[in-house]
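**Student:** Provided herewith: upload_17.tsv, TSV, C-alpha atoms.
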```tsv
chain	number	residue	atom	x	y	z
A	1	LEU	CA	-4.48	-25.25	-19.50
A	2	ASP	CA	-2.12	-24.90	-22.43
A	3	LYS	CA	1.32	-26.48	-22.25
A	4	ILE	CA	3.19	-23.28	-21.41
A	5	ALA	CA	0.80	-22.27	-18.64
A	6	GLU	CA	0.93	-25.77	-17.22
A	7	SER	CA	4.69	-25.86	-17.31
A	8	SER	CA	4.88	-22.48	-15.61
A	9	LEU	CA	2.47	-23.59	-12.86
A	10	LEU	CA	4.45	-26.77	-12.31
A	11	TYR	CA	7.53	-24.59	-11.88
A	12	ASP	CA	5.68	-22.37	-9.38
A	13	PHE	CA	4.57	-25.37	-7.35
A	14	TYR	CA	7.63	-27.57	-7.44
A	15	GLY	CA	10.48	-25.34	-8.59
A	16	GLN	CA	11.90	-25.21	-5.07
A	17	LEU	CA	12.45	-28.96	-5.23
A	18	LEU	CA	14.74	-28.68	-8.27
A	19	THR	CA	18.47	-28.11	-8.00
A	20	ARG	CA	19.70	-24.54	-8.10
A	21	ARG	CA	21.22	-25.20	-11.55
A	22	GLN	CA	17.96	-26.62	-12.91
A	23	ARG	CA	16.02	-23.62	-11.61
A	24	GLU	CA	18.51	-21.17	-13.06
A	25	VAL	CA	18.49	-22.82	-16.49
A	26	MET	CA	14.68	-22.98	-16.55
A	27	ARG	CA	14.44	-19.36	-15.56
A	28	LEU	CA	16.87	-18.17	-18.24
A	29	TYR	CA	15.16	-20.27	-20.91
A	30	HIS	CA	11.50	-19.65	-20.05
A	31	GLU	CA	11.51	-16.22	-18.43
A	32	GLU	CA	14.49	-14.47	-19.97
A	33	ASN	CA	14.06	-16.23	-23.32
A	34	TYR	CA	17.74	-17.10	-23.64
A	35	SER	CA	18.56	-19.63	-26.36
A	36	LEU	CA	20.12	-22.96	-25.43
A	37	SER	CA	23.44	-21.72	-26.86
A	38	GLU	CA	23.34	-18.52	-24.83
A	39	ILE	CA	22.73	-20.50	-21.64
A	40	ALA	CA	25.52	-22.90	-22.61
A	41	ASP	CA	27.89	-19.90	-22.94
A	42	GLU	CA	26.72	-18.51	-19.61
A	43	PHE	CA	27.62	-21.71	-17.76
A	44	SER	CA	30.54	-22.78	-19.99
A	45	VAL	CA	28.91	-26.10	-20.80
A	46	SER	CA	27.74	-27.69	-24.04
A	47	ARG	CA	24.43	-26.89	-25.68
A	48	GLN	CA	23.56	-30.57	-25.28
A	49	SER	CA	24.17	-30.37	-21.56
A	50	VAL	CA	21.78	-27.40	-21.25
A	51	HIS	CA	19.22	-29.34	-23.27
A	52	ASP	CA	19.56	-32.31	-20.90
A	53	THR	CA	19.29	-30.11	-17.81
A	54	LEU	CA	16.06	-28.63	-19.13
A	55	LYS	CA	14.61	-32.04	-20.03
A	56	ASN	CA	15.57	-33.45	-16.64
A	57	ALA	CA	14.04	-30.49	-14.85
A	58	GLU	CA	10.79	-30.80	-16.80
A	59	ASN	CA	10.63	-34.52	-16.12
A	60	ALA	CA	11.29	-33.92	-12.44
A	61	LEU	CA	8.44	-31.38	-12.29
A	62	LYS	CA	6.09	-33.83	-13.99
A	63	GLY	CA	7.19	-36.55	-11.59
A	64	TYR	CA	6.41	-34.34	-8.59
A	65	GLU	CA	2.97	-33.60	-10.00
A	66	GLU	CA	2.30	-37.31	-10.50
A	67	LYS	CA	3.24	-37.92	-6.87
A	68	MET	CA	1.60	-34.90	-5.25
A	69	GLY	CA	-1.05	-33.66	-7.69
A	70	LEU	CA	-0.97	-30.03	-6.50
A	71	LEU	CA	-1.84	-28.74	-9.95
A	72	SER	CA	-4.96	-30.83	-10.26
A	73	ARG	CA	-5.87	-30.03	-6.66
A	74	MET	CA	-5.57	-26.34	-7.50
A	75	GLU	CA	-7.77	-26.76	-10.55
A	76	ALA	CA	-10.43	-28.45	-8.42
A	77	GLU	CA	-10.21	-25.61	-5.91
A	78	GLN	CA	-10.59	-22.99	-8.57
A	79	LYS	CA	-13.67	-24.76	-9.88
A	80	ALA	CA	-15.15	-24.76	-6.38
A	81	VAL	CA	-14.36	-21.07	-5.89
A	82	GLY	CA	-15.97	-20.33	-9.28
A	83	LYS	CA	-19.14	-22.15	-8.22
A	84	ILE	CA	-19.29	-20.16	-4.99
A	85	LYS	CA	-18.91	-16.89	-6.90
A	86	LYS	CA	-21.78	-17.86	-9.21
A	87	GLN	CA	-23.93	-18.72	-6.23
A	88	ILE	CA	-23.12	-15.34	-4.67
A	89	GLU	CA	-24.08	-13.56	-7.91
A	90	ARG	CA	-27.40	-15.40	-7.95
A	91	ILE	CA	-28.16	-14.54	-4.34
A	92	LEU	CA	-27.26	-10.88	-4.95
A	93	GLU	CA	-29.59	-10.73	-7.92
A	94	GLU	CA	-32.46	-12.27	-6.00
A	95	ASN	CA	-31.99	-9.90	-3.07
A	96	ARG	CA	-31.47	-6.54	-4.71
A	97	GLY	CA	-31.88	-3.68	-2.27
A	98	ASN	CA	-30.69	-5.67	0.73
A	99	ASP	CA	-27.50	-3.66	1.17
A	100	ARG	CA	-26.47	-5.28	4.40
A	101	LEU	CA	-26.65	-8.70	2.71
A	102	ALA	CA	-24.72	-7.42	-0.30
A	103	GLU	CA	-22.00	-6.17	2.04
A	104	GLY	CA	-21.73	-9.53	3.76
A	105	LEU	CA	-21.49	-11.34	0.44
A	106	LYS	CA	-18.83	-8.93	-0.79
A	107	GLU	CA	-16.81	-9.76	2.30
A	108	ILE	CA	-17.06	-13.44	1.41
A	109	GLU	CA	-15.84	-12.63	-2.09
A	110	THR	CA	-12.86	-10.76	-0.65
A	111	ILE	CA	-11.92	-13.72	1.52
A	112	LEU	CA	-12.33	-16.03	-1.49
A	113	ARG	CA	-9.82	-13.98	-3.44
A	114	SER	CA	-7.25	-14.57	-0.69
A	115	LEU	CA	-7.72	-18.29	-1.40
A	116	GLY	CA	-6.11	-17.61	-4.77
B	1	LEU	CA	-1.05	-27.92	15.85
B	2	ASP	CA	0.60	-30.35	18.23
B	3	LYS	CA	3.72	-32.17	17.14
B	4	ILE	CA	2.01	-35.45	16.30
B	5	ALA	CA	-0.71	-33.80	14.21
B	6	GLU	CA	1.88	-31.70	12.43
B	7	SER	CA	4.07	-34.68	11.71
B	8	SER	CA	1.09	-36.62	10.38
B	9	LEU	CA	0.06	-33.73	8.10
B	10	LEU	CA	3.60	-33.40	6.79
B	11	TYR	CA	3.46	-37.10	5.96
B	12	ASP	CA	0.13	-36.65	4.17
B	13	PHE	CA	1.50	-33.76	2.11
B	14	TYR	CA	4.99	-34.96	1.31
B	15	GLY	CA	5.02	-38.68	2.08
B	16	GLN	CA	4.96	-39.51	-1.64
B	17	LEU	CA	8.33	-37.78	-2.00
B	18	LEU	CA	10.00	-40.11	0.51
B	19	THR	CA	11.57	-43.42	-0.49
B	20	ARG	CA	9.39	-46.50	-0.25
B	21	ARG	CA	11.48	-47.72	2.69
B	22	GLN	CA	11.13	-44.42	4.55
B	23	ARG	CA	7.37	-44.48	4.03
B	24	GLU	CA	7.09	-48.07	5.18
B	25	VAL	CA	9.13	-47.46	8.34
B	26	MET	CA	7.15	-44.32	9.17
B	27	ARG	CA	3.88	-46.15	8.65
B	28	LEU	CA	4.85	-49.07	10.87
B	29	TYR	CA	6.14	-46.77	13.60
B	30	HIS	CA	3.43	-44.09	13.61
B	31	GLU	CA	0.33	-45.94	12.40
B	32	GLU	CA	0.90	-49.53	13.46
B	33	ASN	CA	2.79	-48.53	16.61
B	34	TYR	CA	5.61	-51.01	16.04
B	35	SER	CA	8.67	-50.49	18.23
B	36	LEU	CA	12.03	-49.69	16.65
B	37	SER	CA	13.17	-53.23	17.47
B	38	GLU	CA	10.11	-54.79	15.85
B	39	ILE	CA	10.69	-52.80	12.67
B	40	ALA	CA	14.38	-53.75	12.77
B	41	ASP	CA	13.37	-57.42	12.91
B	42	GLU	CA	10.88	-56.94	10.08
B	43	PHE	CA	13.57	-55.59	7.74
B	44	SER	CA	16.52	-57.55	9.16
B	45	VAL	CA	18.45	-54.39	9.94
B	46	SER	CA	19.78	-52.89	13.17
B	47	ARG	CA	17.62	-50.87	15.56
B	48	GLN	CA	20.02	-47.98	14.95
B	49	SER	CA	19.41	-48.17	11.22
B	50	VAL	CA	15.64	-47.95	11.75
B	51	HIS	CA	16.19	-44.99	14.05
B	52	ASP	CA	18.28	-43.27	11.36
B	53	THR	CA	15.70	-43.98	8.66
B	54	LEU	CA	12.99	-42.40	10.79
B	55	LYS	CA	15.10	-39.35	11.60
B	56	ASN	CA	16.07	-38.90	7.95
B	57	ALA	CA	12.46	-39.21	6.84
B	58	GLU	CA	11.31	-36.63	9.41
B	59	ASN	CA	14.07	-34.25	8.37
B	60	ALA	CA	13.18	-34.73	4.72
B	61	LEU	CA	9.52	-33.90	5.43
B	62	LYS	CA	10.55	-30.76	7.33
B	63	GLY	CA	12.84	-29.79	4.47
B	64	TYR	CA	9.99	-30.15	1.96
B	65	GLU	CA	7.77	-27.97	4.12
B	66	GLU	CA	10.50	-25.32	4.35
B	67	LYS	CA	10.73	-25.32	0.57
B	68	MET	CA	7.07	-25.59	-0.33
B	69	GLY	CA	5.11	-24.46	2.72
B	70	LEU	CA	1.99	-26.51	1.96
B	71	LEU	CA	1.17	-26.94	5.61
B	72	SER	CA	1.19	-23.24	6.35
B	73	ARG	CA	-0.71	-22.60	3.12
B	74	MET	CA	-3.34	-25.09	4.25
B	75	GLU	CA	-3.59	-23.42	7.65
B	76	ALA	CA	-4.17	-20.05	5.96
B	77	GLU	CA	-6.84	-21.62	3.76
B	78	GLN	CA	-8.61	-23.13	6.72
B	79	LYS	CA	-8.62	-19.77	8.44
B	80	ALA	CA	-10.17	-18.21	5.34
B	81	VAL	CA	-12.81	-20.94	5.10
B	82	GLY	CA	-13.58	-20.45	8.80
B	83	LYS	CA	-14.11	-16.72	8.25
B	84	ILE	CA	-16.47	-17.40	5.35
B	85	LYS	CA	-18.48	-19.83	7.48
B	86	LYS	CA	-18.84	-17.20	10.21
B	87	GLN	CA	-19.95	-14.65	7.66
B	88	ILE	CA	-22.56	-17.10	6.35
B	89	GLU	CA	-23.83	-17.71	9.89
B	90	ARG	CA	-24.20	-13.99	10.43
B	91	ILE	CA	-26.07	-13.49	7.16
B	92	LEU	CA	-28.39	-16.41	7.97
B	93	GLU	CA	-29.20	-14.95	11.37
B	94	GLU	CA	-29.94	-11.54	9.92
B	95	ASN	CA	-32.20	-12.97	7.22
B	96	ARG	CA	-34.27	-15.56	9.07
B	97	GLY	CA	-37.33	-16.61	7.10
B	98	ASN	CA	-35.66	-16.07	3.72
B	99	ASP	CA	-35.63	-19.77	2.85
B	100	ARG	CA	-34.40	-19.30	-0.69
B	101	LEU	CA	-31.40	-17.34	0.63
B	102	ALA	CA	-30.73	-19.96	3.30
B	103	GLU	CA	-30.73	-22.63	0.59
B	104	GLY	CA	-28.20	-20.68	-1.51
B	105	LEU	CA	-25.93	-20.18	1.47
B	106	LYS	CA	-26.14	-23.88	2.38
B	107	GLU	CA	-24.99	-24.66	-1.14
B	108	ILE	CA	-21.98	-22.42	-0.61
B	109	GLU	CA	-21.21	-24.26	2.63
B	110	THR	CA	-21.37	-27.58	0.81
B	111	ILE	CA	-18.92	-26.37	-1.82
B	112	LEU	CA	-16.65	-25.03	0.94
B	113	ARG	CA	-16.52	-28.46	2.53
B	114	SER	CA	-15.18	-29.86	-0.74
B	115	LEU	CA	-12.29	-27.40	-0.36
B	116	GLY	CA	-11.26	-29.45	2.67
```
Would you mind writing the file's structure down as structure tokens?
**Tutor:**
Amino acid sequence: LDKIAESSLLYDFYGQLLTRRQREVMRLYHEENYSLSEIADEFSVSRQSVHDTLKNAENALKGYEEKMGLLSRMEAEQKAVGKIKKQIERILEENRGNDRLAEGLKEIETILRSLG
Amino acid sequence: LDKIAESSLLYDFYGQLLTRRQREVMRLYHEENYSLSEIADEFSVSRQSVHDTLKNAENALKGYEEKMGLLSRMEAEQKAVGKIKKQIERILEENRGNDRLAEGLKEIETILRSLG
């Protein structure tokens, strides 16, 4: 995962644990691409204060991940789901023509997708 | 889920977000079956204070679940995994004698178990 993707996933997982102000500043900076100065104007605070809010929020997100490890758990899950998909592909290839089997395996794939 | 199982799962998911004191009190009360008075003695605080610590910890855990919903996400995942297992059973029954297929499906079941 690159740094931006990781940071965005951390926000998805733990953003609800941040303060409303931290969430708002992160959203403006990362999603709306506001500059620090624009955010500072928006909230009538100093640019330095916005910078600190962002840093604190990022540190808080990293702290939550260290404690709860949801991101690494998700990565492990995705690896497992990937392995199952490969296994399904292999079985499909080895049982061409067995339509009923193919249908059953497709259903498994559909359920897997709901696992995210 | 009954109340005790739910409370124990909430602790598993979010316990790391509690204070060390909250965790310790919860552990003594729920795992070691200490009484409130015994815990009060242990920490040289009042029984009422232990009671408050427990209540606060439980409320914090519920608050985390309201914000993050890991418990209900896990329940949805377990439902999905259950459906996949049923589908595998059905496919196995319909393809008795296909040992290579059975082997592939068993591998999928093994990977599923690692998903918890």
**Student:** I'd like the neighbourhood of stretch 3-5 of chain A as a PyMOL selection string, where a residue qualifies if any of its atoms comes within 12 Å (using only C-alpha atoms), though same-chain residues fewer than 6 positions away should be ignored.
**Tutor:** chain A and resi 11-12+30-31+58+71
**Student:** Residues of chain A within 10 Å of chain B: nearest atom pair and distance (Å, one decimal) for each, counting all atoms listed in the file, sorted by chain and number, as JSON lines?
**Tutor:**
```
{"residue": "A:Asp12", "atom": "CA", "partner": "B:Met68", "partner_atom": "CA", "distance": 9.7}
{"residue": "A:Phe13", "atom": "CA", "partner": "B:Met68", "partner_atom": "CA", "distance": 7.5}
{"residue": "A:Tyr14", "atom": "CA", "partner": "B:Met68", "partner_atom": "CA", "distance": 7.4}
{"residue": "A:Gly15", "atom": "CA", "partner": "B:Met68", "partner_atom": "CA", "distance": 8.9}
{"residue": "A:Gln16", "atom": "CA", "partner": "B:Lys67", "partner_atom": "CA", "distance": 5.8}
{"residue": "A:Leu17", "atom": "CA", "partner": "B:Lys67", "partner_atom": "CA", "distance": 7.1}
{"residue": "A:Gly63", "atom": "CA", "partner": "B:Leu17", "partner_atom": "CA", "distance": 9.7}
{"residue": "A:Tyr64", "atom": "CA", "partner": "B:Leu17", "partner_atom": "CA", "distance": 7.7}
{"residue": "A:Glu66", "atom": "CA", "partner": "B:Gln16", "partner_atom": "CA", "distance": 9.5}
{"residue": "A:Lys67", "atom": "CA", "partner": "B:Gln16", "partner_atom": "CA", "distance": 5.7}
{"residue": "A:Met68", "atom": "CA", "partner": "B:Gln16", "partner_atom": "CA", "distance": 6.8}
{"residue": "A:Leu70", "atom": "CA", "partner": "B:Leu70", "partner_atom": "CA", "distance": 9.6}
{"residue": "A:Arg73", "atom": "CA", "partner": "B:Leu115", "partner_atom": "CA", "distance": 9.4}
{"residue": "A:Met74", "atom": "CA", "partner": "B:Leu115", "partner_atom": "CA", "distance": 9.9}
{"residue": "A:Ala76", "atom": "CA", "partner": "B:Leu115", "partner_atom": "CA", "distance": 8.3}
{"residue": "A:Glu77", "atom": "CA", "partner": "B:Leu115", "partner_atom": "CA", "distance": 6.2}
{"residue": "A:Gln78", "atom": "CA", "partner": "B:Leu115", "partner_atom": "CA", "distance": 9.5}
{"residue": "A:Lys79", "atom": "CA", "partner": "B:Ile111", "partner_atom": "CA", "distance": 9.8}
{"residue": "A:Ala80", "atom": "CA", "partner": "B:Ile111", "partner_atom": "CA", "distance": 6.1}
{"residue": "A:Val81", "atom": "CA", "partner": "B:Ile111", "partner_atom": "CA", "distance": 8.1}
{"residue": "A:Lys83", "atom": "CA", "partner": "B:Ile111", "partner_atom": "CA", "distance": 7.7}
{"residue": "A:Ile84", "atom": "CA", "partner": "B:Ile108", "partner_atom": "CA", "distance": 5.6}
{"residue": "A:Lys85", "atom": "CA", "partner": "B:Ile108", "partner_atom": "CA", "distance": 8.9}
{"residue": "A:Lys86", "atom": "CA", "partner": "B:Ile108", "partner_atom": "CA", "distance": 9.7}
{"residue": "A:Gln87", "atom": "CA", "partner": "B:Gly104", "partner_atom": "CA", "distance": 6.7}
{"residue": "A:Ile88", "atom": "CA", "partner": "B:Gly104", "partner_atom": "CA", "distance": 8.0}
{"residue": "A:Arg90", "atom": "CA", "partner": "B:Gly104", "partner_atom": "CA", "distance": 8.4}
{"residue": "A:Ile91", "atom": "CA", "partner": "B:Leu101", "partner_atom": "CA", "distance": 6.6}
{"residue": "A:Leu92", "atom": "CA", "partner": "B:Leu101", "partner_atom": "CA", "distance": 9.5}
{"residue": "A:Glu94", "atom": "CA", "partner": "B:Leu101", "partner_atom": "CA", "distance": 8.4}
{"residue": "A:Asn95", "atom": "CA", "partner": "B:Leu101", "partner_atom": "CA", "distance": 8.3}
{"residue": "A:Asn98", "atom": "CA", "partner": "B:Asn95", "partner_atom": "CA", "distance": 9.9}
{"residue": "A:Arg100", "atom": "CA", "partner": "B:Ile91", "partner_atom": "CA", "distance": 8.7}
{"residue": "A:Leu101", "atom": "CA", "partner": "B:Ile91", "partner_atom": "CA", "distance": 6.6}
{"residue": "A:Ala102", "atom": "CA", "partner": "B:Ile91", "partner_atom": "CA", "distance": 9.7}
{"residue": "A:Glu103", "atom": "CA", "partner": "B:Ile91", "partner_atom": "CA", "distance": 9.8}
{"residue": "A:Gly104", "atom": "CA", "partner": "B:Gln87", "partner_atom": "CA", "distance": 6.7}
{"residue": "A:Leu105", "atom": "CA", "partner": "B:Gln87", "partner_atom": "CA", "distance": 8.1}
{"residue": "A:Glu107", "atom": "CA", "partner": "B:Gln87", "partner_atom": "CA", "distance": 7.9}
{"residue": "A:Ile108", "atom": "CA", "partner": "B:Ile84", "partner_atom": "CA", "distance": 5.6}
{"residue": "A:Glu109", "atom": "CA", "partner": "B:Ile84", "partner_atom": "CA", "distance": 8.9}
{"residue": "A:Thr110", "atom": "CA", "partner": "B:Ile84", "partner_atom": "CA", "distance": 9.6}
{"residue": "A:Ile111", "atom": "CA", "partner": "B:Ala80", "partner_atom": "CA", "distance": 6.1}
{"residue": "A:Leu112", "atom": "CA", "partner": "B:Ala80", "partner_atom": "CA", "distance": 7.5}
{"residue": "A:Arg113", "atom": "CA", "partner": "B:Ala80", "partner_atom": "CA", "distance": 9.8}
{"residue": "A:Ser114", "atom": "CA", "partner": "B:Ala80", "partner_atom": "CA", "distance": 7.6}
{"residue": "A:Leu115", "atom": "CA", "partner": "B:Glu77", "partner_atom": "CA", "distance": 6.2}
{"residue": "A:Gly116", "atom": "CA", "partner": "B:Glu77", "partner_atom": "CA", "distance": 9.5}
```
**Student:** Any chance you could dump chain B, least-squares fitted to chain A on all C-alpha atoms in order, as a short mmCIF file (atom, residue, chain, number, x, y, z; two decimals) with C-alpha atoms, in the coordinates of the input?
**Tutor:**
```cif
data_model
loop_
_atom_site.label_atom_id
_atom_site.label_comp_id
_atom_site.auth_asym_id
_atom_site.auth_seq_id
_atom_site.Cartn_x
_atom_site.Cartn_y
_atom_site.Cartn_z
CA LEU B 1 -4.45 -25.28 -19.55
CA ASP B 2 -2.08 -24.93 -22.47
CA LYS B 3 1.35 -26.49 -22.26
CA ILE B 4 3.21 -23.29 -21.45
CA ALA B 5 0.81 -22.29 -18.67
CA GLU B 6 0.94 -25.79 -17.25
CA SER B 7 4.70 -25.88 -17.33
CA SER B 8 4.88 -22.49 -15.63
CA LEU B 9 2.46 -23.60 -12.88
CA LEU B 10 4.44 -26.78 -12.31
CA TYR B 11 7.51 -24.59 -11.88
CA ASP B 12 5.67 -22.37 -9.40
CA PHE B 13 4.55 -25.38 -7.37
CA TYR B 14 7.62 -27.57 -7.45
CA GLY B 15 10.47 -25.33 -8.61
CA GLN B 16 11.88 -25.20 -5.07
CA LEU B 17 12.44 -28.96 -5.24
CA LEU B 18 14.72 -28.67 -8.28
CA THR B 19 18.46 -28.10 -8.00
CA ARG B 20 19.67 -24.52 -8.11
CA ARG B 21 21.20 -25.17 -11.54
CA GLN B 22 17.96 -26.62 -12.91
CA ARG B 23 16.03 -23.62 -11.63
CA GLU B 24 18.51 -21.17 -13.08
CA VAL B 25 18.50 -22.83 -16.51
CA MET B 26 14.70 -22.99 -16.56
CA ARG B 27 14.45 -19.35 -15.58
CA LEU B 28 16.87 -18.18 -18.25
CA TYR B 29 15.17 -20.27 -20.93
CA HIS B 30 11.51 -19.66 -20.08
CA GLU B 31 11.52 -16.21 -18.46
CA GLU B 32 14.50 -14.46 -20.00
CA ASN B 33 14.09 -16.23 -23.34
CA TYR B 34 17.77 -17.10 -23.65
CA SER B 35 18.60 -19.64 -26.36
CA LEU B 36 20.16 -22.97 -25.44
CA SER B 37 23.47 -21.73 -26.86
CA GLU B 38 23.35 -18.53 -24.82
CA ILE B 39 22.75 -20.50 -21.63
CA ALA B 40 25.54 -22.90 -22.60
CA ASP B 41 27.90 -19.93 -22.93
CA GLU B 42 26.72 -18.51 -19.61
CA PHE B 43 27.63 -21.71 -17.74
CA SER B 44 30.55 -22.78 -19.95
CA VAL B 45 28.92 -26.10 -20.77
CA SER B 46 27.78 -27.70 -24.02
CA ARG B 47 24.45 -26.89 -25.67
CA GLN B 48 23.59 -30.58 -25.26
CA SER B 49 24.19 -30.37 -21.53
CA VAL B 50 21.80 -27.42 -21.24
CA HIS B 51 19.24 -29.34 -23.26
CA ASP B 52 19.59 -32.32 -20.90
CA THR B 53 19.29 -30.12 -17.81
CA LEU B 54 16.07 -28.63 -19.14
CA LYS B 55 14.62 -32.03 -20.04
CA ASN B 56 15.57 -33.46 -16.64
CA ALA B 57 14.04 -30.50 -14.85
CA GLU B 58 10.78 -30.81 -16.82
CA ASN B 59 10.63 -34.53 -16.13
CA ALA B 60 11.28 -33.92 -12.44
CA LEU B 61 8.43 -31.39 -12.28
CA LYS B 62 6.08 -33.85 -14.00
CA GLY B 63 7.18 -36.57 -11.59
CA TYR B 64 6.41 -34.33 -8.60
CA GLU B 65 2.96 -33.59 -9.99
CA GLU B 66 2.31 -37.31 -10.50
CA LYS B 67 3.23 -37.90 -6.87
CA MET B 68 1.60 -34.90 -5.26
CA GLY B 69 -1.04 -33.66 -7.69
CA LEU B 70 -0.97 -30.03 -6.53
CA LEU B 71 -1.85 -28.73 -9.95
CA SER B 72 -4.97 -30.83 -10.27
CA ARG B 73 -5.86 -30.02 -6.67
CA MET B 74 -5.57 -26.33 -7.49
CA GLU B 75 -7.76 -26.75 -10.56
CA ALA B 76 -10.44 -28.43 -8.43
CA GLU B 77 -10.20 -25.60 -5.90
CA GLN B 78 -10.59 -22.98 -8.58
CA LYS B 79 -13.66 -24.76 -9.88
CA ALA B 80 -15.13 -24.75 -6.37
CA VAL B 81 -14.35 -21.06 -5.89
CA GLY B 82 -15.95 -20.33 -9.27
CA LYS B 83 -19.13 -22.15 -8.21
CA ILE B 84 -19.29 -20.16 -4.98
CA LYS B 85 -18.90 -16.90 -6.90
CA LYS B 86 -21.79 -17.85 -9.19
CA GLN B 87 -23.92 -18.73 -6.20
CA ILE B 88 -23.13 -15.33 -4.65
CA GLU B 89 -24.09 -13.58 -7.89
CA ARG B 90 -27.40 -15.40 -7.93
CA ILE B 91 -28.16 -14.54 -4.31
CA LEU B 92 -27.28 -10.88 -4.93
CA GLU B 93 -29.61 -10.72 -7.91
CA GLU B 94 -32.46 -12.27 -5.97
CA ASN B 95 -32.00 -9.91 -3.03
CA ARG B 96 -31.46 -6.53 -4.68
CA GLY B 97 -31.91 -3.67 -2.24
CA ASN B 98 -30.71 -5.69 0.75
CA ASP B 99 -27.53 -3.64 1.19
CA ARG B 100 -26.48 -5.28 4.42
CA LEU B 101 -26.66 -8.70 2.73
CA ALA B 102 -24.75 -7.42 -0.29
CA GLU B 103 -22.03 -6.14 2.05
CA GLY B 104 -21.75 -9.54 3.78
CA LEU B 105 -21.51 -11.34 0.46
CA LYS B 106 -18.85 -8.91 -0.78
CA GLU B 107 -16.84 -9.75 2.31
CA ILE B 108 -17.07 -13.43 1.41
CA GLU B 109 -15.85 -12.63 -2.10
CA THR B 110 -12.89 -10.75 -0.66
CA ILE B 111 -11.94 -13.71 1.52
CA LEU B 112 -12.33 -16.02 -1.49
CA ARG B 113 -9.84 -13.95 -3.44
CA SER B 114 -7.28 -14.56 -0.69
CA LEU B 115 -7.73 -18.28 -1.39
CA GLY B 116 -6.14 -17.58 -4.78
#
```
**Student:** Which of these, A:Glu75, A:Glu32, A:Thr19, A:Glu24, has the shortest distance to A:Leu1 once you count all atoms listed in the file?
**Tutor:**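 Of A:Glu75, A:Glu32, A:Thr19, A:Glu24, the one nearest A:Leu1, counting all atoms listed in the file, is A:Glu75.
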**Student:** If you count only C-alpha atoms, which residues fall within 9 Å of B:Gln22, apart from same-chain ones fewer than 5 positions away, as an mmCIF file with C-alpha atoms, in the frame of the given file?
**Tutor:**
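Everything below was put into part00.cif:
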```cif
data_model
loop_
_atom_site.group_PDB
_atom_site.id
_atom_site.type_symbol
_atom_site.label_atom_id
_atom_site.label_comp_id
_atom_site.auth_asym_id
_atom_site.auth_seq_id
_atom_site.Cartn_x
_atom_site.Cartn_y
_atom_site.Cartn_z
ATOM 1 C CA GLY B 15 5.020 -38.680 2.080
ATOM 2 C CA ARG B 27 3.880 -46.150 8.650
ATOM 3 C CA THR B 53 15.700 -43.980 8.660
ATOM 4 C CA LEU B 54 12.990 -42.400 10.790
ATOM 5 C CA ASN B 56 16.070 -38.900 7.950
ATOM 6 C CA ALA B 57 12.460 -39.210 6.840
#
```
**Student:** Please report, as AutoDock Vina command-line options, the centre and edge lengths in Å to one decimal of an axis-aligned box covering all listed atoms of stretch 30-34 of chain A with 6 Å per side.
**Tutor:**
```
--center_x 14.6 --center_y -17.1 --center_z -21.0 --size_x 18.2 --size_y 17.2 --size_z 17.2
```
**Student:** Can you pull out the residues contacting B:His51? Cut-off 10 Å, using all atoms listed in the file, and skip same-chain residues under 5 positions away; I want them as a VMD selection string.
**Tutor:** chain B and resid 25 36 to 37 39 to 40 46 56 to 57
**Student:** Counting only C-alpha atoms, which residue out of B:Glu65, B:Glu42, B:Asp99, B:Glu89 sits closest to B:Ser7?
**Tutor:**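 Nearest candidate to B:Ser7 out of B:Glu65, B:Glu42, B:Asp99, B:Glu89: B:Glu65.
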**Student:** Mind pulling up the distance from atom CA of B:Arg23 to atom CA of B:Asp2?
**Tutor:**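 Between these atoms lies a distance of 21.1 Å.
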**Student:** Tell me, in Å to one decimal, how far atom CA of B:Phe43 is from atom CA of B:Arg21.
**Tutor:** 9.6 Å
**Student:** Taking all atoms listed in the file into account, name the residue in A:Arg96, A:Tyr34, A:Leu18, A:Lys106 that is nearest to A:Asn59.
**Tutor:** A:Leu18
**Student:** Could you jot down the atom CA of A:Tyr29 to atom CA of A:Asp41 separation for me, Å, one decimal place?
**Tutor:**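 Straight-line distance from atom CA of A:Tyr29 to atom CA of A:Asp41 works out to 12.9 Å.
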